[in-house]
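Asks: Okay, here's the structure, questions in a sec.
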Amino acid sequence: MDHALWGQPPPRCHALGVGELSVQISNLTFDEIEIGDTTTYSRLITNQEVEAFAAISGDHNPLHLDPDYAATTSFGECIAHGMLTGALISAAIAMQLPGPGSVYLSQQIQFRAPVFLGDTLTVTLAVTDKHAKRPWITLKCEVENQEGQSVARGEAQVAAPTKRETVTIVPPPAIQLLEEASLAAD
């Protein structure tokens, strides 16, 4: 795709700068994965995550972004986007089980409770099936808040890597939201 036609710079990899920390992680291959393997991944959900997700996804529903509007709803306050919770499942797959080189094929997900700003979500993945014809696995996906309440659950199909590799995780670029940028300029 010619990104210049869309008014965007071409994609580029982020090179490590002086003083930036990197982390190395390894994947699990299809042959190494066993039914019953599990992993967990946790993340605090803040206003910054919700605003960044809205900016990236284009979902500007006031239920997520406008405290005055959200106060008039049955939730009484802003809640996170459901698919932000889904994105955490994707992160657990990409970073932990199976890890780098995995391909997220499909996801069935049921949202069971709202996620409020300040909630800490924990994703638990469990391998429930390995498919013999292809290097695909099925993962049971559970997401709970800090109170142990289920906020989402479902099942994912993932193509597991067939080659073991260790990769360097490059920190993402800093994100500054427009409102913060305008305040910093003042």
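Labels for the structure tokens follow display order: chains A, B, ..., residues from 1 in each chain, ligands from 1.
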Hey, what's within 10 Å of Asp31 in chain A if we count only C-alpha atoms and toss same-chain stuff fewer than 6 positions away? As a tab-separated table (two decimals) with all heavy atoms, in the first residue's frame, please?

Replies:
chain	number	residue	atom	x	y	z
A	130	LYS	N	-5.59	-29.01	20.80
A	130	LYS	CA	-4.56	-28.89	19.76
A	130	LYS	C	-5.11	-29.60	18.54
A	130	LYS	O	-5.62	-30.72	18.65
A	130	LYS	CB	-3.25	-29.55	20.20
A	130	LYS	CG	-2.53	-28.80	21.30
A	130	LYS	CD	-1.24	-29.51	21.69
A	130	LYS	CE	-0.20	-29.38	20.59
A	130	LYS	NZ	1.13	-29.92	21.00
A	135	PRO	N	-1.08	-26.46	12.82
A	135	PRO	CA	-0.55	-26.09	14.14
A	135	PRO	C	-1.43	-25.04	14.83
A	135	PRO	O	-0.98	-23.95	15.17
A	135	PRO	CB	0.85	-25.57	13.82
A	135	PRO	CG	0.71	-24.99	12.45
A	135	PRO	CD	-0.29	-25.89	11.74
A	160	ALA	N	-0.26	-21.49	16.23
A	160	ALA	CA	0.94	-21.46	17.06
A	160	ALA	C	2.18	-21.52	16.17
A	160	ALA	O	2.16	-22.17	15.12
A	160	ALA	CB	0.93	-22.62	18.05
A	161	PRO	N	3.25	-20.86	16.59
A	161	PRO	CA	4.47	-20.94	15.80
A	161	PRO	C	5.02	-22.36	15.78
A	161	PRO	O	4.83	-23.12	16.73
A	161	PRO	CB	5.43	-19.98	16.51
A	161	PRO	CG	4.83	-19.68	17.82
A	161	PRO	CD	3.39	-20.03	17.77
A	162	THR	N	5.71	-22.71	14.72
A	162	THR	CA	6.33	-24.03	14.62
A	162	THR	C	7.84	-23.95	14.85
A	162	THR	O	8.49	-24.97	14.95
A	162	THR	CB	6.05	-24.66	13.24
A	162	THR	OG1	6.51	-23.78	12.23
A	162	THR	CG2	4.56	-24.93	13.07
A	163	LYS	N	8.36	-22.73	14.91
A	163	LYS	CA	9.79	-22.52	15.12
A	163	LYS	C	10.00	-21.75	16.42
A	163	LYS	O	9.35	-20.72	16.66
A	163	LYS	CB	10.35	-21.72	13.93
A	163	LYS	CG	11.83	-21.45	14.00
A	163	LYS	CD	12.26	-20.64	12.78
A	163	LYS	CE	13.10	-19.50	13.27
A	163	LYS	NZ	13.26	-18.42	12.34
A	164	ARG	N	10.87	-22.24	17.26
A	164	ARG	CA	11.20	-21.57	18.51
A	164	ARG	C	12.01	-20.33	18.20
A	164	ARG	O	12.95	-20.37	17.40
A	164	ARG	CB	12.02	-22.53	19.39
A	164	ARG	CG	12.36	-21.97	20.75
A	164	ARG	CD	11.29	-22.40	21.73
A	164	ARG	NE	11.78	-22.38	23.09
A	164	ARG	CZ	11.22	-21.66	24.03
A	164	ARG	NH1	10.15	-20.94	23.76
A	164	ARG	NH2	11.67	-21.69	25.24

Asks: If DSSP is run on the backbone, what residues of chain A are alpha helix (DSSP H)? A reply as a PyMOL selection string would be ideal.

Replies: chain A and resi 47-57+62-65+67-71+82-95+178-185

Asks: Using only C-alpha atoms, which of the listed residues (A:Asp59, A:Glu32, A:Glu77, A:Asp129) sits closest to Val115 in chain A?

Replies: A:Glu77

Asks: Pick from A:Val50, A:Leu63, A:Ala55, A:Ala94: nearest to Ile25 in chain A, with only C-alpha atoms counted?

Replies: A:Ala94

Asks: Using backbone DSSP assignments, extract all strand (DSSP E) residues from range 69-183 of chain A; output them as a ChimeraX atom specification.

Replies: /A:103-111,120-131,136-144,150-159,166-169

Asks: Could you list, as a VMD selection string, every residue within 10 Å of Leu88 in chain A, counting only C-alpha atoms and ignoring same-chain residues fewer than 5 positions away?

Replies: chain A and resid 41 to 43 83 93 to 94 121 to 123 143

Asks: Residues at most 7 Å from Ala126 in chain A, counting only C-alpha atoms, excluding those fewer than 6 positions away in the same chain, as a short mmCIF file (atom, residue, chain, number, x, y, z; two decimals) with C-alpha atoms, in the first residue's frame?

Replies:
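The result, stored in out-v5.cif:
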data_model
loop_
_atom_site.label_atom_id
_atom_site.label_comp_id
_atom_site.auth_asym_id
_atom_site.auth_seq_id
_atom_site.Cartn_x
_atom_site.Cartn_y
_atom_site.Cartn_z
CA GLY A 36 -3.90 -27.61 30.08
CA ASP A 37 -1.09 -25.05 29.70
CA THR A 38 -2.09 -21.68 31.17
CA THR A 39 -0.84 -18.13 31.49
CA LEU A 139 -7.62 -21.23 24.12
CA LYS A 140 -10.23 -20.71 26.82
CA CYS A 141 -10.12 -16.99 27.68
#

Asks: Of the residues A:Leu28, A:Arg112, A:Leu125, A:Ala152, which is the one nearest to Gly99 in chain A, using only C-alpha atoms?

Replies: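 The answer is A:Leu28, which sits nearest to Gly99 in chain A.
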